[in-house]
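J.: One file: model-v6.pdb (PDB, C-alpha atoms).
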ATOM      1  CA  MET A   6       0.000   0.000   0.000
ATOM      2  CA  PRO A   7       1.478   3.379  -0.950
ATOM      3  CA  ALA A   8       2.608   5.641   1.841
ATOM      4  CA  HIS A   9       1.767   9.361   1.727
ATOM      5  CA  ALA A  10       4.669  11.533   2.810
ATOM      6  CA  THR A  11       3.547  14.837   1.337
ATOM      7  CA  PRO A  12       0.334  15.873  -0.370
ATOM      8  CA  GLY A  13       0.281  14.697  -3.984
ATOM      9  CA  LEU A  14       3.350  12.382  -3.692
ATOM     10  CA  THR A  15       3.257   8.674  -3.041
ATOM     11  CA  PHE A  16       6.112   6.229  -2.508
ATOM     12  CA  GLU A  17       5.819   2.576  -3.276
ATOM     13  CA  ILE A  18       8.420  -0.179  -2.923
ATOM     14  CA  ALA A  19       8.670  -1.949  -6.244
ATOM     15  CA  ARG A  20       9.834  -5.521  -6.623
ATOM     16  CA  PRO A  21      12.973  -5.981  -8.735
ATOM     17  CA  PRO A  22      12.340  -7.470 -12.158
ATOM     18  CA  GLU A  23      12.600 -11.237 -12.441
ATOM     19  CA  PRO A  24      15.928 -12.311 -13.973
ATOM     20  CA  GLU A  25      15.660 -13.586 -17.507
ATOM     21  CA  ALA A  26      16.309 -17.268 -17.922
ATOM     22  CA  SER A  27      19.556 -17.335 -19.827
ATOM     23  CA  LEU A  28      21.118 -20.185 -21.710
ATOM     24  CA  ARG A  29      24.473 -21.444 -20.500
ATOM     25  CA  SER A  30      27.304 -20.562 -22.837
ATOM     26  CA  ASP A  31      29.950 -22.573 -21.021
ATOM     27  CA  ILE A  32      28.853 -25.964 -22.406
ATOM     28  CA  ALA A  33      29.681 -26.986 -25.970
ATOM     29  CA  GLY A  34      29.804 -30.041 -28.205
ATOM     30  CA  PHE A  35      32.573 -30.999 -30.633
ATOM     31  CA  ILE A  36      32.475 -33.702 -33.303
ATOM     32  CA  GLY A  37      35.542 -34.483 -35.373
ATOM     33  CA  PRO A  38      38.822 -36.345 -35.720
ATOM     34  CA  THR A  39      41.270 -36.420 -32.803
ATOM     35  CA  LYS A  40      44.646 -38.097 -32.324
ATOM     36  CA  ARG A  41      43.213 -40.904 -30.175
ATOM     37  CA  GLY A  42      40.282 -41.754 -27.939
ATOM     38  CA  PRO A  43      37.043 -43.710 -28.148
ATOM     39  CA  VAL A  44      35.393 -43.670 -31.577
ATOM     40  CA  ASP A  45      31.682 -42.906 -32.042
ATOM     41  CA  ALA A  46      31.117 -42.208 -28.340
ATOM     42  CA  VAL A  47      30.336 -38.904 -26.643
ATOM     43  CA  VAL A  48      32.747 -38.125 -23.789
ATOM     44  CA  ARG A  49      32.269 -35.332 -21.230
ATOM     45  CA  VAL A  50      35.472 -33.295 -20.749
ATOM     46  CA  GLU A  51      35.829 -30.590 -18.095
ATOM     47  CA  GLU A  52      39.302 -29.165 -18.788
ATOM     48  CA  TRP A  53      42.022 -29.071 -21.443
ATOM     49  CA  ARG A  54      44.309 -31.489 -19.569
ATOM     50  CA  GLU A  55      41.527 -34.062 -19.491
ATOM     51  CA  PHE A  56      41.103 -33.675 -23.267
ATOM     52  CA  GLU A  57      44.866 -34.172 -23.720
ATOM     53  CA  ARG A  58      44.772 -37.333 -21.601
ATOM     54  CA  LEU A  59      41.748 -38.841 -23.358
ATOM     55  CA  PHE A  60      42.135 -37.594 -26.938
ATOM     56  CA  GLY A  61      45.864 -36.897 -27.322
ATOM     57  CA  GLY A  62      45.996 -33.098 -27.284
ATOM     58  CA  LEU A  63      46.786 -30.964 -30.315
ATOM     59  CA  HIS A  64      47.315 -32.722 -33.626
ATOM     60  CA  VAL A  65      48.189 -31.134 -36.967
ATOM     61  CA  SER A  66      45.365 -32.865 -38.842
ATOM     62  CA  SER A  67      42.727 -32.259 -36.152
ATOM     63  CA  THR A  68      40.917 -28.931 -36.203
ATOM     64  CA  THR A  69      38.752 -30.389 -33.439
ATOM     65  CA  SER A  70      41.678 -30.384 -31.007
ATOM     66  CA  TYR A  71      42.431 -26.704 -31.714
ATOM     67  CA  ALA A  72      38.754 -25.778 -31.310
ATOM     68  CA  VAL A  73      38.518 -27.555 -27.946
ATOM     69  CA  ARG A  74      41.701 -25.873 -26.687
ATOM     70  CA  SER A  75      40.407 -22.435 -27.720
ATOM     71  CA  TYR A  76      37.079 -23.167 -26.051
ATOM     72  CA  PHE A  77      38.713 -23.933 -22.688
ATOM     73  CA  GLU A  78      41.159 -21.004 -23.001
ATOM     74  CA  ASN A  79      38.169 -18.668 -23.388
ATOM     75  CA  GLY A  80      36.299 -19.779 -20.281
ATOM     76  CA  GLY A  81      34.486 -22.898 -21.435
ATOM     77  CA  ALA A  82      33.620 -25.245 -18.574
ATOM     78  CA  ILE A  83      32.196 -28.432 -20.092
ATOM     79  CA  ALA A  84      32.739 -29.935 -23.530
ATOM     80  CA  TYR A  85      31.161 -33.023 -25.013
ATOM     81  CA  VAL A  86      33.557 -34.554 -27.535
ATOM     82  CA  ALA A  87      32.754 -37.241 -30.112
ATOM     83  CA  ARG A  88      35.728 -38.624 -32.040
ATOM     84  CA  VAL A  89      35.012 -39.736 -35.584
ATOM     85  CA  ALA A  90      37.310 -41.701 -37.862
ATOM     86  CA  ALA A  91      37.041 -43.007 -41.391
ATOM     87  CA  PRO A  92      36.873 -46.787 -41.720
ATOM     88  CA  PRO A  93      38.787 -49.009 -41.685
ATOM     89  CA  ILE A  94      40.245 -48.114 -38.313
ATOM     90  CA  ALA A  95      41.901 -50.711 -36.116
ATOM     91  CA  VAL A  96      43.401 -51.040 -32.650
ATOM     92  CA  ALA A  97      47.186 -51.556 -32.574
ATOM     93  CA  ARG A  98      48.182 -54.909 -31.035
ATOM     94  CA  THR A  99      51.342 -56.854 -30.383
ATOM     95  CA  LYS A 100      52.339 -60.028 -28.567
ATOM     96  CA  TRP A 101      55.343 -60.690 -26.314
ATOM     97  CA  PRO A 102      56.009 -64.359 -27.068
ATOM     98  CA  ALA A 103      57.338 -66.958 -24.685
ATOM     99  CA  HIS A 104      60.586 -68.524 -25.872
ATOM    100  CA  PRO A 105      61.844 -72.030 -25.130
ATOM    101  CA  GLY A 106      64.076 -71.873 -22.079
ATOM    102  CA  ASP A 107      62.364 -68.808 -20.607
ATOM    103  CA  PRO A 108      61.485 -69.320 -16.957
ATOM    104  CA  ALA A 109      57.882 -70.234 -16.229
ATOM    105  CA  LEU A 110      55.543 -67.361 -15.383
ATOM    106  CA  PRO A 111      52.927 -68.346 -12.781
ATOM    107  CA  ALA A 112      49.303 -67.475 -13.425
ATOM    108  CA  HIS A 113      49.058 -65.177 -10.354
ATOM    109  CA  ALA A 114      51.721 -62.876 -11.854
ATOM    110  CA  LEU A 115      49.475 -62.051 -14.795
ATOM    111  CA  ALA A 116      46.599 -60.288 -13.046
ATOM    112  CA  PRO A 117      46.590 -56.820 -14.637
ATOM    113  CA  ALA A 118      46.889 -54.065 -12.030
ATOM    114  CA  GLY A 119      44.194 -51.393 -12.139
ATOM    115  CA  GLY A 120      41.982 -53.209 -14.637
ATOM    116  CA  GLY A 121      44.538 -53.186 -17.457
ATOM    117  CA  ARG A 122      44.017 -54.850 -20.813
ATOM    118  CA  GLY A 123      46.782 -57.461 -20.494
ATOM    119  CA  SER A 124      45.870 -61.064 -21.161
ATOM    120  CA  ALA A 125      47.694 -64.374 -21.149
ATOM    121  CA  ALA A 126      47.662 -67.438 -23.355
ATOM    122  CA  PHE A 127      48.712 -70.529 -21.398
ATOM    123  CA  LEU A 128      50.647 -73.211 -23.240
ATOM    124  CA  SER A 129      50.242 -75.970 -20.654
ATOM    125  CA  GLY A 130      49.607 -76.041 -16.926
ATOM    126  CA  ALA A 131      49.562 -73.238 -14.366
ATOM    127  CA  GLN A 132      53.373 -72.905 -14.329
ATOM    128  CA  ALA A 133      53.792 -72.983 -18.126
ATOM    129  CA  SER A 134      55.289 -70.277 -20.285
ATOM    130  CA  VAL A 135      52.921 -67.623 -21.575
ATOM    131  CA  SER A 136      52.676 -64.872 -24.107
ATOM    132  CA  LEU A 137      51.474 -61.408 -23.137
ATOM    133  CA  ASN A 138      49.105 -59.562 -25.458
ATOM    134  CA  VAL A 139      49.395 -55.760 -25.515
ATOM    135  CA  GLU A 140      46.568 -53.685 -26.996
ATOM    136  CA  ALA A 141      46.163 -49.916 -27.503
ATOM    137  CA  SER A 142      43.375 -48.248 -25.531
ATOM    138  CA  SER A 143      41.657 -46.919 -28.670
ATOM    139  CA  PRO A 144      41.816 -47.374 -32.450
ATOM    140  CA  GLY A 145      43.958 -45.320 -34.812
ATOM    141  CA  ASP A 146      47.550 -44.981 -35.925
ATOM    142  CA  TRP A 147      48.535 -42.973 -32.813
ATOM    143  CA  ALA A 148      49.840 -46.173 -31.141
ATOM    144  CA  ASN A 149      51.986 -47.317 -34.074
ATOM    145  CA  GLY A 150      55.001 -45.486 -32.622
ATOM    146  CA  ALA A 151      54.468 -46.703 -29.061
ATOM    147  CA  GLU A 152      57.360 -48.325 -27.232
ATOM    148  CA  ILE A 153      56.664 -51.106 -24.758
ATOM    149  CA  SER A 154      59.271 -52.414 -22.337
ATOM    150  CA  ILE A 155      58.565 -55.664 -20.470
ATOM    151  CA  ASP A 156      60.806 -56.531 -17.517
ATOM    152  CA  TYR A 157      60.333 -60.013 -16.058
ATOM    153  CA  ARG A 158      61.831 -61.221 -12.779
ATOM    154  CA  ARG A 159      61.352 -64.865 -11.823
ATOM    155  CA  GLU A 160      61.612 -63.964  -8.143
ATOM    156  CA  GLY A 161      60.760 -60.432  -7.077
ATOM    157  CA  ALA A 162      60.824 -58.691  -3.709
ATOM    158  CA  LEU A 163      57.968 -60.816  -2.344
ATOM    159  CA  GLY A 164      59.434 -64.086  -3.607
ATOM    160  CA  ARG A 165      56.990 -64.284  -6.535
ATOM    161  CA  ALA A 166      57.404 -63.658 -10.232
ATOM    162  CA  GLU A 167      56.986 -60.002 -11.206
ATOM    163  CA  VAL A 168      56.321 -58.365 -14.551
ATOM    164  CA  ASP A 169      56.817 -54.621 -15.067
ATOM    165  CA  VAL A 170      55.356 -53.116 -18.232
ATOM    166  CA  THR A 171      56.424 -49.600 -19.226
ATOM    167  CA  THR A 172      54.917 -47.759 -22.186
ATOM    168  CA  ARG A 173      55.828 -44.577 -24.013
ATOM    169  CA  VAL A 174      53.754 -43.084 -26.807
ATOM    170  CA  ALA A 175      55.604 -40.861 -29.265
TER
END
Taking this structure as input, can you express it in the form of structure tokens?

T.:
Amino acid sequence: MPAHATPGLTFEIARPPEPEASLRSDIAGFIGPTKRGPVDAVVRVEEWREFERLFGGLHVSSTTSYAVRSYFENGGAIAYVARVAAPPIAVARTKWPAHPGDPALPAHALAPAGGGRGSAAFLSGAQASVSLNVEASSPGDWANGAEISIDYRREGALGRAEVDVTTRVA
């Protein structure tokens, strides 16, 4: 109800206008080729370092990678990235074969730590020689220059066989 302070003048407290519902401009989607990463899947990325880890960072033939970097450099918060690749696209694989005379590698030494993708093919019995299969995490030629070092010790610090696998992607 208006209050009268002086004759002919009224004062009324007005409510502030309701804020307009605005669309968020810090979420974007990107579809295109990247150096590596899952193909034909949408992945939520929240910072440039996460994109580098999942999709391989900047790549000369990927305008998508440059667009995502620019987006995060200019205040973007969330990006949805879908990697596309022309068929045929394959996952790089290799096998570390067992050689005659190599010491036996027990089955318990082959459990991949942290849910890795290592697998074993047993030749005969639980104490038989094995071959280790190594597979890239995603398809594409990015893994063709990868270096894999496998260090096997028949008896490690705990008295059991140990296998150390070190990788480096160029």

J.: Can you tell me which residues surround segment 84-99 of chain A at a distance of at most 7 Å, considering only C-alpha atoms, apart from same-chain residues fewer than 2 positions away, and format the answer as a PyMOL selection string?

T.: chain A and resi 32-39+42-51+82+101+138-141+143-145+148-149

J.: Do you have the atom CA of His64 of chain A-atom CA of Ser154 of chain A distance handy?

T.: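 Taking atom CA of His64 of chain A and atom CA of Ser154 of chain A, their separation equals 25.7 Å.
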
J.: Quick one: distance from atom CA of Lys100 of chain A to atom CA of Leu137 of chain A in Å, one decimal?

T.: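 Distance reported for this atom pair: 5.7 Å.
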
J.: Which residue gives the smallest distance to Arg41 of chain A among A:Val65, A:Leu59, A:Leu28, A:Val168, with only C-alpha atoms counted?

T.: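 So, comparing all the options, the nearest one is A:Leu59.
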
J.: Between atom CA of Ala72 of chain A and atom CA of Thr172 of chain A, what is the spacing in Å?

T.: 28.8 Å

J.: Around (51.8, -50.4, -21.9) in the file's own coordinates, what residues are found within 10 Å if you use all atoms listed in the file, given back as a PDB file with C-alpha atoms, in the frame of the given file?

T.:
ATOM      1  CA  GLY A 121      44.538 -53.186 -17.457  1.00  0.00           C
ATOM      2  CA  ARG A 122      44.017 -54.850 -20.813  1.00  0.00           C
ATOM      3  CA  GLY A 123      46.782 -57.461 -20.494  1.00  0.00           C
ATOM      4  CA  VAL A 139      49.395 -55.760 -25.515  1.00  0.00           C
ATOM      5  CA  GLU A 140      46.568 -53.685 -26.996  1.00  0.00           C
ATOM      6  CA  ALA A 141      46.163 -49.916 -27.503  1.00  0.00           C
ATOM      7  CA  SER A 142      43.375 -48.248 -25.531  1.00  0.00           C
ATOM      8  CA  ALA A 151      54.468 -46.703 -29.061  1.00  0.00           C
ATOM      9  CA  GLU A 152      57.360 -48.325 -27.232  1.00  0.00           C
ATOM     10  CA  ILE A 153      56.664 -51.106 -24.758  1.00  0.00           C
ATOM     11  CA  SER A 154      59.271 -52.414 -22.337  1.00  0.00           C
ATOM     12  CA  ILE A 155      58.565 -55.664 -20.470  1.00  0.00           C
ATOM     13  CA  ASP A 169      56.817 -54.621 -15.067  1.00  0.00           C
ATOM     14  CA  VAL A 170      55.356 -53.116 -18.232  1.00  0.00           C
ATOM     15  CA  THR A 171      56.424 -49.600 -19.226  1.00  0.00           C
ATOM     16  CA  THR A 172      54.917 -47.759 -22.186  1.00  0.00           C
ATOM     17  CA  ARG A 173      55.828 -44.577 -24.013  1.00  0.00           C
ATOM     18  CA  VAL A 174      53.754 -43.084 -26.807  1.00  0.00           C
TER      19      VAL A 174
END

J.: Going by the chain IDs and residue numbers used in this file, which residues fall under the PyMOL selection byres ((chain A and resi 61) around 6)? Write them as a list in words.

T.: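 The output of the PyMOL selection byres ((chain A and resi 61) around 6) on this file is Lys40, Arg41, Glu57, Arg58, Phe60 and Gly62 of chain A.
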
J.: Considering only C-alpha atoms, can you say which of A:Gly161, A:Pro12, A:Gly150, A:Gly81 comes closest to Arg29 of chain A?

T.: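 Result for the nearest residue to Arg29 of chain A: A:Gly81.
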